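K.L.:
Just one file: query.txt, with compact mmCIF, C-alpha atoms.
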```txt
# COMPACT_ATOMS: atom_id res chain seq x y z
CA MET A 1 9.73 8.96 89.85
CA ILE A 2 12.76 11.22 89.44
CA PRO A 3 12.04 13.05 86.14
CA TYR A 4 14.75 13.39 83.53
CA SER A 5 14.06 17.11 83.75
CA THR A 6 11.43 19.49 85.08
CA GLN A 7 10.55 23.17 85.30
CA ASP A 8 11.12 25.32 88.37
CA ILE A 9 8.25 27.74 89.07
CA GLN A 10 8.71 30.14 91.96
CA GLU A 11 6.50 32.75 93.61
CA GLU A 12 7.94 35.64 91.59
CA ASP A 13 6.99 33.80 88.39
CA ILE A 14 3.42 33.45 89.59
CA LYS A 15 3.26 37.11 90.55
CA ALA A 16 4.56 38.12 87.11
CA VAL A 17 1.87 36.10 85.34
CA VAL A 18 -0.87 37.36 87.67
CA ALA A 19 0.21 40.94 87.02
CA VAL A 20 -0.32 40.41 83.30
CA LEU A 21 -3.73 38.84 83.87
CA ARG A 22 -4.74 41.93 85.85
CA SER A 23 -3.24 44.38 83.34
CA GLY A 24 -5.89 44.01 80.66
CA TRP A 25 -3.27 42.86 78.13
CA ILE A 26 -3.18 39.08 77.66
CA ALA A 27 -2.24 39.04 73.96
CA ARG A 28 -0.04 41.24 71.77
CA GLY A 29 0.78 43.66 74.55
CA PRO A 30 3.96 45.08 76.10
CA ALA A 31 5.12 41.94 77.95
CA VAL A 32 6.26 40.18 74.77
CA GLU A 33 8.34 43.12 73.59
CA LYS A 34 9.84 43.47 77.07
CA PHE A 35 10.78 39.79 77.10
CA GLU A 36 12.25 40.01 73.61
CA LYS A 37 14.48 42.89 74.62
CA ALA A 38 15.61 41.02 77.75
CA VAL A 39 16.56 37.92 75.75
CA ALA A 40 18.39 39.95 73.11
CA LYS A 41 20.36 41.78 75.79
CA LYS A 42 21.19 38.56 77.61
CA VAL A 43 22.77 36.91 74.57
CA GLY A 44 24.19 40.06 72.98
CA ALA A 45 21.98 40.16 69.88
CA LYS A 46 20.35 43.23 68.35
CA TYR A 47 16.92 41.68 67.85
CA ALA A 48 14.76 38.93 69.33
CA VAL A 49 11.42 37.77 67.94
CA ALA A 50 9.26 35.58 70.21
CA PHE A 51 6.89 32.83 69.08
CA ASN A 52 4.41 30.43 70.65
CA SER A 53 6.80 27.49 70.18
CA GLY A 54 10.33 26.70 69.16
CA THR A 55 8.93 24.94 66.11
CA ALA A 56 7.11 28.10 65.02
CA ALA A 57 10.36 30.02 65.56
CA LEU A 58 12.26 27.66 63.25
CA HIS A 59 9.50 27.87 60.65
CA ALA A 60 9.77 31.67 60.71
CA ALA A 61 13.57 31.60 60.53
CA TYR A 62 13.52 29.32 57.47
CA PHE A 63 10.96 31.66 55.89
CA ALA A 64 13.12 34.71 56.61
CA ALA A 65 16.08 32.86 55.10
CA GLY A 66 14.15 32.60 51.86
CA VAL A 67 13.70 28.82 51.95
CA VAL A 68 11.21 27.82 49.25
CA LYS A 69 10.06 24.79 47.30
CA GLY A 70 12.97 23.06 45.61
CA ASP A 71 15.56 24.22 48.14
CA GLU A 72 17.55 21.94 50.41
CA VAL A 73 18.29 22.54 54.08
CA ILE A 74 21.06 20.59 55.79
CA VAL A 75 20.06 19.43 59.27
CA PRO A 76 21.39 16.81 61.68
CA THR A 77 19.41 13.63 62.00
CA LEU A 78 20.23 13.60 65.72
CA THR A 79 17.68 16.24 66.74
CA PHE A 80 14.02 16.68 67.50
CA ALA A 81 11.90 16.33 64.36
CA ALA A 82 11.03 20.05 64.21
CA THR A 83 14.47 20.97 62.85
CA ALA A 84 13.74 18.99 59.70
CA ASN A 85 9.97 19.47 59.63
CA ALA A 86 10.26 23.24 59.31
CA ALA A 87 11.93 22.79 55.90
CA LEU A 88 9.06 20.60 54.71
CA TYR A 89 6.53 23.23 55.80
CA LEU A 90 7.99 25.52 53.13
CA GLY A 91 8.24 22.86 50.44
CA ALA A 92 11.98 22.39 50.85
CA LYS A 93 13.85 19.15 51.41
CA PRO A 94 15.75 18.40 54.63
CA ILE A 95 19.10 16.77 53.95
CA PHE A 96 20.32 14.73 56.89
CA ALA A 97 23.93 14.96 58.07
CA ASP A 98 25.61 12.47 60.39
CA SER A 99 26.90 13.15 63.89
CA ASP A 100 30.22 13.43 65.62
CA ILE A 101 30.11 10.20 67.62
CA ARG A 102 31.98 11.87 70.49
CA THR A 103 29.58 14.79 71.11
CA GLY A 104 26.39 13.97 69.20
CA ASN A 105 26.63 17.28 67.35
CA MET A 106 26.35 17.48 63.58
CA SER A 107 29.52 16.48 61.75
CA VAL A 108 31.02 19.40 59.83
CA ALA A 109 32.73 17.03 57.41
CA ASP A 110 29.53 15.12 56.61
CA ALA A 111 27.51 18.32 56.32
CA GLN A 112 30.04 19.65 53.81
CA LYS A 113 29.61 16.53 51.69
CA LYS A 114 25.84 17.12 51.54
CA ILE A 115 26.02 20.66 50.10
CA THR A 116 24.66 21.01 46.56
CA LYS A 117 23.57 23.83 44.28
CA LYS A 118 20.11 23.51 45.86
CA THR A 119 21.31 24.07 49.42
CA LYS A 120 19.85 27.26 50.92
CA ALA A 121 20.61 26.92 54.62
CA ILE A 122 22.61 24.88 57.10
CA VAL A 123 21.17 24.25 60.57
CA PRO A 124 23.41 22.63 63.20
CA VAL A 125 21.88 21.73 66.57
CA ASP A 126 23.58 22.20 69.95
CA TYR A 127 22.93 18.67 71.17
CA GLY A 128 22.26 18.44 74.90
CA GLY A 129 23.21 22.10 75.35
CA ARG A 130 26.77 21.72 74.03
CA PRO A 131 27.56 24.21 71.24
CA ALA A 132 28.16 22.72 67.83
CA ASP A 133 31.38 23.58 65.99
CA LEU A 134 30.00 27.06 65.28
CA ARG A 135 33.18 28.57 63.90
CA ALA A 136 33.50 25.81 61.33
CA PHE A 137 29.83 25.98 60.36
CA ARG A 138 30.02 29.74 59.99
CA ALA A 139 33.00 29.37 57.66
CA LEU A 140 31.24 26.65 55.70
CA ALA A 141 28.12 28.79 55.30
CA LYS A 142 30.18 31.78 54.17
CA LYS A 143 32.15 29.72 51.65
CA HIS A 144 29.00 28.33 50.02
CA LYS A 145 26.84 31.46 50.50
CA LEU A 146 24.36 29.67 52.76
CA ILE A 147 22.15 31.04 55.52
CA PHE A 148 23.46 29.82 58.86
CA ILE A 149 20.69 29.04 61.36
CA GLU A 150 21.65 27.63 64.77
CA ASP A 151 19.11 25.41 66.50
CA ALA A 152 20.07 26.21 70.09
CA ALA A 153 16.80 24.94 71.52
CA GLN A 154 18.76 23.20 74.28
CA ALA A 155 21.55 25.74 74.68
CA LEU A 156 20.30 29.03 76.14
CA GLY A 157 23.13 30.18 78.40
CA ALA A 158 25.81 28.10 76.71
CA GLU A 159 29.01 29.86 75.66
CA TYR A 160 31.25 29.59 72.64
CA GLN A 161 34.64 31.30 72.36
CA GLY A 162 33.89 33.39 75.43
CA LYS A 163 30.53 34.72 74.24
CA PRO A 164 26.95 33.61 74.88
CA VAL A 165 25.46 31.38 72.21
CA GLY A 166 23.20 33.57 70.09
CA THR A 167 25.40 35.72 67.87
CA ASN A 168 27.43 33.18 65.90
CA ALA A 169 24.77 32.41 63.30
CA ASP A 170 22.59 34.56 61.03
CA MET A 171 19.69 33.46 63.22
CA THR A 172 19.62 31.41 66.44
CA MET A 173 16.61 29.66 67.95
CA PHE A 174 16.03 29.07 71.67
CA SER A 175 13.19 26.95 73.04
CA PHE A 176 11.27 27.63 76.26
CA HIS A 177 9.59 24.25 76.67
CA PRO A 178 9.25 23.34 80.39
CA VAL A 179 12.43 21.23 80.47
CA LYS A 180 14.68 23.84 78.82
CA SER A 181 17.02 26.34 80.51
CA ILE A 182 14.02 28.58 81.28
CA THR A 183 10.37 28.13 80.42
CA THR A 184 7.44 30.14 79.11
CA GLY A 185 5.19 27.06 79.23
CA GLU A 186 5.59 26.65 75.49
CA GLY A 187 7.47 29.12 73.37
CA GLY A 188 10.56 29.97 71.38
CA VAL A 189 12.56 32.91 70.12
CA ILE A 190 14.86 33.77 67.24
CA VAL A 191 17.72 36.15 67.95
CA THR A 192 19.53 37.87 65.11
CA ASN A 193 21.61 40.93 64.27
CA SER A 194 19.69 41.43 61.02
CA LYS A 195 16.82 43.92 60.98
CA LYS A 196 15.70 42.41 57.67
CA TYR A 197 15.31 38.95 59.19
CA ALA A 198 13.64 40.32 62.33
CA ASP A 199 11.08 42.28 60.29
CA LEU A 200 10.29 39.28 58.08
CA MET A 201 9.77 37.03 61.10
CA ARG A 202 7.46 39.55 62.80
CA LEU A 203 5.44 39.70 59.59
CA PHE A 204 5.35 35.91 59.35
CA ARG A 205 4.07 35.42 62.91
CA ASN A 206 1.20 37.87 62.24
CA HIS A 207 -0.52 36.05 59.35
CA GLY A 208 1.78 37.93 56.98
CA ILE A 209 -0.23 41.08 57.71
CA SER A 210 1.48 44.47 58.00
CA LYS A 211 0.00 47.49 59.77
CA ASP A 212 2.94 49.74 58.86
CA PRO A 213 1.93 52.34 56.20
CA LYS A 214 5.54 52.47 54.99
CA THR A 215 5.19 48.92 53.64
CA PHE A 216 1.79 49.34 51.92
CA SER A 217 1.51 48.95 48.16
CA GLN A 218 -1.72 50.97 48.29
CA LYS A 219 -1.51 54.43 49.83
CA GLY A 220 -4.08 56.86 51.16
CA HIS A 221 -6.10 54.57 53.40
CA GLY A 222 -7.29 55.41 56.89
CA ALA A 223 -5.59 54.31 60.08
CA TRP A 224 -7.73 51.16 60.09
CA TYR A 225 -6.04 49.74 56.98
CA GLN A 226 -3.76 46.70 57.01
CA GLU A 227 -2.21 44.71 54.21
CA MET A 228 -1.45 41.00 53.96
CA ARG A 229 1.88 40.84 52.17
CA VAL A 230 2.83 37.15 52.51
CA LEU A 231 1.22 33.92 53.65
CA GLY A 232 1.99 33.86 57.36
CA TYR A 233 0.72 32.18 60.50
CA ASN A 234 -0.61 33.12 63.90
CA TYR A 235 2.54 32.37 65.85
CA HIS A 236 2.28 35.06 68.54
CA MET A 237 3.52 34.37 72.07
CA PRO A 238 0.85 35.15 74.71
CA GLU A 239 1.57 37.89 77.23
CA MET A 240 1.39 35.47 80.18
CA SER A 241 4.10 33.30 78.63
CA ALA A 242 6.33 36.31 78.04
CA ALA A 243 5.91 37.49 81.63
CA LEU A 244 6.83 34.03 82.90
CA GLY A 245 9.84 33.95 80.59
CA GLU A 246 11.15 37.34 81.67
CA SER A 247 10.83 36.34 85.32
CA GLN A 248 12.62 33.04 84.68
CA LEU A 249 15.36 34.75 82.68
CA LYS A 250 16.46 36.58 85.82
CA ARG A 251 17.41 33.18 87.30
CA LEU A 252 19.06 31.75 84.18
CA ASP A 253 22.60 32.13 85.52
CA SER A 254 21.62 30.40 88.75
CA TYR A 255 19.96 27.55 86.86
CA LEU A 256 23.02 27.07 84.68
CA ALA A 257 25.37 27.08 87.65
CA LYS A 258 23.31 24.36 89.33
CA ARG A 259 23.17 22.28 86.14
CA ARG A 260 26.95 22.51 85.81
CA VAL A 261 27.47 21.44 89.41
CA ALA A 262 25.16 18.47 88.85
CA ALA A 263 27.02 17.50 85.67
CA LYS A 264 30.35 17.58 87.54
CA ARG A 265 28.84 15.33 90.22
CA TYR A 266 27.85 12.82 87.56
CA HIS A 267 31.37 12.96 86.10
CA ALA A 268 32.79 12.07 89.51
CA LEU A 269 30.17 9.48 90.46
CA LEU A 270 30.37 7.63 87.14
CA LYS A 271 34.07 7.95 86.43
CA ASN A 272 35.69 4.69 85.29
CA VAL A 273 32.43 2.69 85.33
CA VAL A 274 33.05 -0.29 83.06
CA GLY A 275 30.88 -0.30 79.97
CA LEU A 276 29.78 3.35 80.28
CA ILE A 277 30.79 6.22 78.04
CA LEU A 278 30.32 9.64 79.65
CA PRO A 279 29.69 12.91 77.78
CA ALA A 280 32.85 14.32 76.26
CA GLN A 281 34.62 16.88 78.40
CA GLU A 282 34.10 20.48 77.34
CA GLU A 283 36.79 22.10 75.23
CA ARG A 284 38.47 25.24 76.58
CA TYR A 285 36.51 27.45 74.15
CA GLU A 286 33.03 26.20 75.11
CA ARG A 287 30.64 25.89 78.03
CA SER A 288 27.61 23.64 77.75
CA ALA A 289 24.20 24.60 79.08
CA TRP A 290 23.92 20.96 80.25
CA HIS A 291 20.35 20.50 79.11
CA LEU A 292 21.05 16.77 79.05
CA TYR A 293 23.48 14.35 80.62
CA PRO A 294 23.64 11.68 77.90
CA VAL A 295 25.54 8.53 78.80
CA ARG A 296 26.16 5.72 76.33
CA LEU A 297 26.71 2.02 76.70
CA ALA A 298 29.96 0.71 75.26
CA PRO A 299 29.60 -1.04 71.87
CA GLU A 300 29.93 -4.53 73.36
CA ILE A 301 26.88 -4.02 75.60
CA ALA A 302 24.92 -1.45 73.58
CA HIS A 303 22.37 -4.13 72.64
CA HIS A 304 21.28 -4.07 76.30
CA ARG A 305 20.26 -0.39 76.13
CA ASP A 306 16.50 -0.97 76.17
CA ASP A 307 16.80 -3.40 79.07
CA VAL A 308 18.88 -0.90 81.06
CA PHE A 309 16.34 1.82 80.22
CA ALA A 310 13.44 -0.35 81.41
CA ARG A 311 15.21 -1.27 84.65
CA LEU A 312 15.95 2.39 85.40
CA HIS A 313 12.26 3.20 85.00
CA LYS A 314 11.34 0.26 87.21
CA ALA A 315 13.59 1.86 89.84
CA LYS A 316 11.60 5.12 89.46
CA ILE A 317 14.33 6.89 87.51
CA GLY A 318 12.85 8.82 84.59
CA ALA A 319 15.56 8.25 82.03
CA GLN A 320 15.00 9.26 78.41
CA VAL A 321 16.55 8.68 74.98
CA HIS A 322 17.49 11.71 72.83
CA HIS A 323 16.46 11.41 70.04
CA VAL A 324 14.99 9.04 67.47
CA PRO A 325 17.13 9.85 64.42
CA VAL A 326 14.75 11.93 62.33
CA HIS A 327 15.36 9.99 59.12
CA LEU A 328 14.21 6.82 60.93
CA HIS A 329 10.84 8.20 62.00
CA LEU A 330 8.04 6.40 60.13
CA PHE A 331 7.06 9.54 58.23
CA TYR A 332 10.58 10.08 56.89
CA LYS A 333 11.12 6.39 56.11
CA GLN A 334 7.99 6.62 53.97
CA LEU A 335 9.76 9.44 52.09
CA GLY A 336 12.51 7.00 51.19
CA HIS A 337 15.10 7.38 53.95
CA GLU A 338 16.70 4.18 55.18
CA GLU A 339 18.86 2.87 58.00
CA GLY A 340 22.56 3.35 57.37
CA LEU A 341 22.19 6.91 56.07
CA CYS A 342 23.84 8.38 59.19
CA PRO A 343 25.72 5.51 60.88
CA ASN A 344 27.34 7.51 63.67
CA ALA A 345 24.05 9.09 64.74
CA GLU A 346 22.31 5.73 64.58
CA ALA A 347 25.01 4.10 66.72
CA PHE A 348 24.97 7.02 69.15
CA VAL A 349 21.21 6.80 69.73
CA ALA A 350 21.21 3.00 69.91
CA SER A 351 23.48 3.21 72.96
CA GLU A 352 22.29 6.49 74.56
CA ILE A 353 20.36 7.11 77.78
CA SER A 354 19.76 10.58 79.22
CA ILE A 355 19.79 10.33 83.00
CA PRO A 356 17.96 12.96 85.09
CA LEU A 357 19.44 16.44 85.16
CA PHE A 358 17.69 19.62 86.30
CA PRO A 359 18.70 22.61 88.45
CA HIS A 360 17.35 21.39 91.79
CA ILE A 361 18.35 17.74 91.52
CA THR A 362 19.88 16.70 94.84
CA LEU A 363 23.10 14.88 95.61
CA LYS A 364 20.99 12.13 97.22
CA GLN A 365 19.02 11.69 94.01
CA GLN A 366 22.16 11.63 91.90
CA LYS A 367 23.78 9.01 94.13
CA TYR A 368 20.65 6.86 93.90
CA ILE A 369 20.64 7.21 90.11
CA THR A 370 24.32 6.39 89.70
CA ASP A 371 24.30 3.53 92.22
CA THR A 372 21.30 2.01 90.44
CA LEU A 373 22.93 2.38 87.03
CA LYS A 374 26.16 0.81 88.28
CA ARG A 375 24.25 -2.11 89.74
CA ILE A 376 22.35 -2.68 86.50
CA LEU A 377 25.51 -2.56 84.41
CA ALA A 378 27.34 -4.92 86.75
CA SER A 379 24.57 -7.47 86.29
CA LEU A 380 24.83 -7.57 82.48
```
Would you mind writing the file out in structure tokens?

P.N.:
Amino acid sequence: MIPYSTQDIQEEDIKAVVAVLRSGWIARGPAVEKFEKAVAKKVGAKYAVAFNSGTAALHAAYFAAGVVKGDEVIVPTLTFAATANAALYLGAKPIFADSDIRTGNMSVADAQKKITKKTKAIVPVDYGGRPADLRAFRALAKKHKLIFIEDAAQALGAEYQGKPVGTNADMTMFSFHPVKSITTGEGGVIVTNSKKYADLMRLFRNHGISKDPKTFSQKGHGAWYQEMRVLGYNYHMPEMSAALGESQLKRLDSYLAKRRVAAKRYHALLKNVVGLILPAQEERYERSAWHLYPVRLAPEIAHHRDDVFARLHKAKIGAQVHHVPVHLHLFYKQLGHEEGLCPNAEAFVASEISIPLFPHITLKQQKYITDTLKRILASL
């Protein structure tokens, strides 16, 4: 089976992890801070705060943004559930915005319609690694005095207006799940230029407990003293994960270059295939990280999507669908959300198939994938 994506672990990664295991520090040691500094430098941010998952990172970012019960957070429905779930964790309500049918990214116009007096934050997602309309979302957030959080889980290494994704929003989240640009096994990070947000997130990931005497409400205690200031969680990234991440980060540019070459191959191999809609070409001001290569079936044959998906798997091609619109998950339907809420996103997903894309995919594999897909479509 050709996977839709997979990690790439090399000998230097293994050596980095083994070095940590032999160091005596396997939790809350120097490797995490070293990794954080490397990520911040790579994307041009002042601060980076690492977590044991991208979901935990989003949870912390929403907390730092001041999201509380009764607030609303605007999120795209075309995303992984965590983008919305993190609002619920804090008692807030996720408000689902529709997609741009061309790119899959959250529609600025629809998001603007969803803003109310209760809106605290707006959280666009870089679908498939392609930056959302960050300039427009930044302006929208400024106009309505909202916290702008970018869910760039799929977009580490992407560029927007000539700069790495990571400094356009108040806070930006990257994920290090095995299929992402780089991996820490599981993990995530928030980058920000705000010391206030960084400090709040570090507090949140440590059970809300501070060991800094400058923050204590009670003075005069011994060096052993610590003070729980807020209700936090144990969201620390292990040292081994950080060591793996720092090692992988050194190859990020190489990984991205290979993904971009593979995406160009798909463009050429699938050009002018009847019934197939390819990912929109990048604009001059953006560069995708090409986490996904999402193709869509034309409207007249979109009802065959599940059959095409099944036949690809039968041919040992590990296609995927990204994602179930969050408002249509059973849990959210039980909260009262219904089909038709976000028609563009629903139509996009109903016709979408992510074909395999990862740094070391070969030309032979890509030709097999595209030839198989062409043959399936021709038979419809």

K.L.:
A:Lys271, A:Gln218, A:Asp98, A:Ala169: which is nearest Ala139 in chain A, counting only C-alpha atoms?

P.N.:
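Ranked by minimum distance to Ala139 in chain A, first place goes to A:Ala169.
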
K.L.:
Between CA of Pro299 in chain A and CA of Thr79 in chain A, what distance in Å does the model show, to one decimal?

P.N.:
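CA of Thr79 in chain A lies 21.6 Å from CA of Pro299 in chain A.
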
K.L.:
Show me, as an mmCIF file with C-alpha atoms, in the coordinates of the input, the residues that have an atom within 6 Å of range 232-246 of chain A when counting all atoms listed in the file, minus same-chain residues fewer than 6 positions from it.

P.N.:
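around-v1.cif, freshly written:
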```cif
data_model
loop_
_atom_site.group_PDB
_atom_site.id
_atom_site.type_symbol
_atom_site.label_atom_id
_atom_site.label_comp_id
_atom_site.auth_asym_id
_atom_site.auth_seq_id
_atom_site.Cartn_x
_atom_site.Cartn_y
_atom_site.Cartn_z
ATOM 1 C CA ASP A 13 6.990 33.800 88.390
ATOM 2 C CA ALA A 16 4.560 38.120 87.110
ATOM 3 C CA VAL A 17 1.870 36.100 85.340
ATOM 4 C CA ILE A 26 -3.180 39.080 77.660
ATOM 5 C CA ALA A 27 -2.240 39.040 73.960
ATOM 6 C CA ALA A 31 5.120 41.940 77.950
ATOM 7 C CA VAL A 32 6.260 40.180 74.770
ATOM 8 C CA PHE A 35 10.780 39.790 77.100
ATOM 9 C CA PHE A 51 6.890 32.830 69.080
ATOM 10 C CA ASN A 52 4.410 30.430 70.650
ATOM 11 C CA THR A 183 10.370 28.130 80.420
ATOM 12 C CA THR A 184 7.440 30.140 79.110
ATOM 13 C CA PHE A 204 5.350 35.910 59.350
ATOM 14 C CA ARG A 205 4.070 35.420 62.910
ATOM 15 C CA ASN A 206 1.200 37.870 62.240
ATOM 16 C CA HIS A 207 -0.520 36.050 59.350
ATOM 17 C CA GLY A 208 1.780 37.930 56.980
#
```

K.L.:
Go ahead and compute the interatomic distance for CA of Thr77 in chain A and CA of Ile2 in chain A, in Å to one decimal.

P.N.:
28.3 Å

K.L.:
In Å, with one decimal, what is the gap from CA of Val179 in chain A to CA of Ala257 in chain A?

P.N.:
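CA of Ala257 in chain A lies 15.9 Å from CA of Val179 in chain A.
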
K.L.:
Please determine, counting all atoms listed in the file, which residue among A:Met171, A:Ala40, A:Ala315, A:Val273 has the shortest atom-to-atom distance to Ala57 in chain A.

P.N.:
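The closest residue to Ala57 in chain A is A:Met171.
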
K.L.:
Determine the nearest neighbour of Ser288 in chain A from the options A:Gly44, A:Gly128, A:Pro359, A:Gly104, counting all atoms listed in the file.

P.N.:
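Nearest candidate to Ser288 in chain A out of A:Gly44, A:Gly128, A:Pro359, A:Gly104: A:Gly128.
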
K.L.:
For Lys69 in chain A, which of A:Arg102, A:Lys114, A:Lys46, A:Lys120 is the closest residue, counting all atoms listed in the file?

P.N.:
A:Lys120

K.L.:
If I put a ball of radius 9 Å at (28.0, -3.9, 78.5) in the file's coordinates, which residues poke into it when counting only C-alpha atoms, written as an MDAnalysis selection string?

P.N.:
chainID A and resid 274:276 297:305 377:378 380

K.L.:
Between A:Val67, A:Ala86, A:Ala56, A:Leu231, which one has atoms that come closest to Gly188 in chain A, using only C-alpha atoms?

P.N.:
A:Ala56

K.L.:
How big is the axis-aligned box around all listed atoms of range 110-115 of chain A once 3 Å goes on each side, and where's its centre, in Å to one decimal, as AutoDock Vina command-line options?

P.N.:
```
--center_x 27.9 --center_y 17.9 --center_z 53.4 --size_x 10.2 --size_y 11.5 --size_z 12.5
```

K.L.:
Using only C-alpha atoms, find all polymer residues with an atom at most 10 Å away from the point (20.2, 19.3, 47.9); report them as number ranges by chain.

P.N.:
A: 70-74, 92-95, 114-120

K.L.:
Would you list the contacts of His322 in chain A as an MDAnalysis selection string, taking every protein, DNA or RNA residue within 8 Å and counting all atoms listed in the file, but skipping same-chain residues closer than 5 positions in sequence?

P.N.:
chainID A and resid 78:79 294 349 352:354

K.L.:
Can you tell me, as a VMD selection string, what residues are no more than 12 Å from Leu269 in chain A when counting all atoms listed in the file, ignoring any on the same chain fewer than 6 positions away?

P.N.:
chain A and resid 262 to 263 276 278 363 to 374

K.L.:
Which of these residues is nearest to Gln281 in chain A, using all atoms listed in the file: A:Arg202, A:Arg229, A:His323, A:Lys264?

P.N.:
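With all atoms listed in the file as the atom set, the closest residue is A:Lys264.
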
K.L.:
Contacts of Phe96 in chain A at 10 Å or less, counting all atoms listed in the file, minus same-chain residues fewer than 6 places along, as a list in words?

P.N.:
Val73, Ile74, Val75, Pro76, Thr77, Leu78, Ala84, Met106, Asp110, Ala111, Lys114, Pro325, Val326, His327, His337, Leu341 and Cys342 of chain A

K.L.:
What lies within 10 Å of Ala319 in chain A using all atoms listed in the file, ignoring chain neighbours under 4 positions off, as a short mmCIF file (atom, residue, chain, number, x, y, z; two decimals) with C-alpha atoms, in the coordinates of the input?

P.N.:
```cif
data_model
loop_
_atom_site.label_atom_id
_atom_site.label_comp_id
_atom_site.auth_asym_id
_atom_site.auth_seq_id
_atom_site.Cartn_x
_atom_site.Cartn_y
_atom_site.Cartn_z
CA MET A 1 9.73 8.96 89.85
CA ILE A 2 12.76 11.22 89.44
CA PRO A 3 12.04 13.05 86.14
CA TYR A 4 14.75 13.39 83.53
CA SER A 5 14.06 17.11 83.75
CA PRO A 294 23.64 11.68 77.90
CA VAL A 308 18.88 -0.90 81.06
CA PHE A 309 16.34 1.82 80.22
CA ALA A 310 13.44 -0.35 81.41
CA ARG A 311 15.21 -1.27 84.65
CA LEU A 312 15.95 2.39 85.40
CA HIS A 313 12.26 3.20 85.00
CA ILE A 353 20.36 7.11 77.78
CA SER A 354 19.76 10.58 79.22
CA ILE A 355 19.79 10.33 83.00
CA PRO A 356 17.96 12.96 85.09
CA LEU A 357 19.44 16.44 85.16
CA ILE A 369 20.64 7.21 90.11
#
```
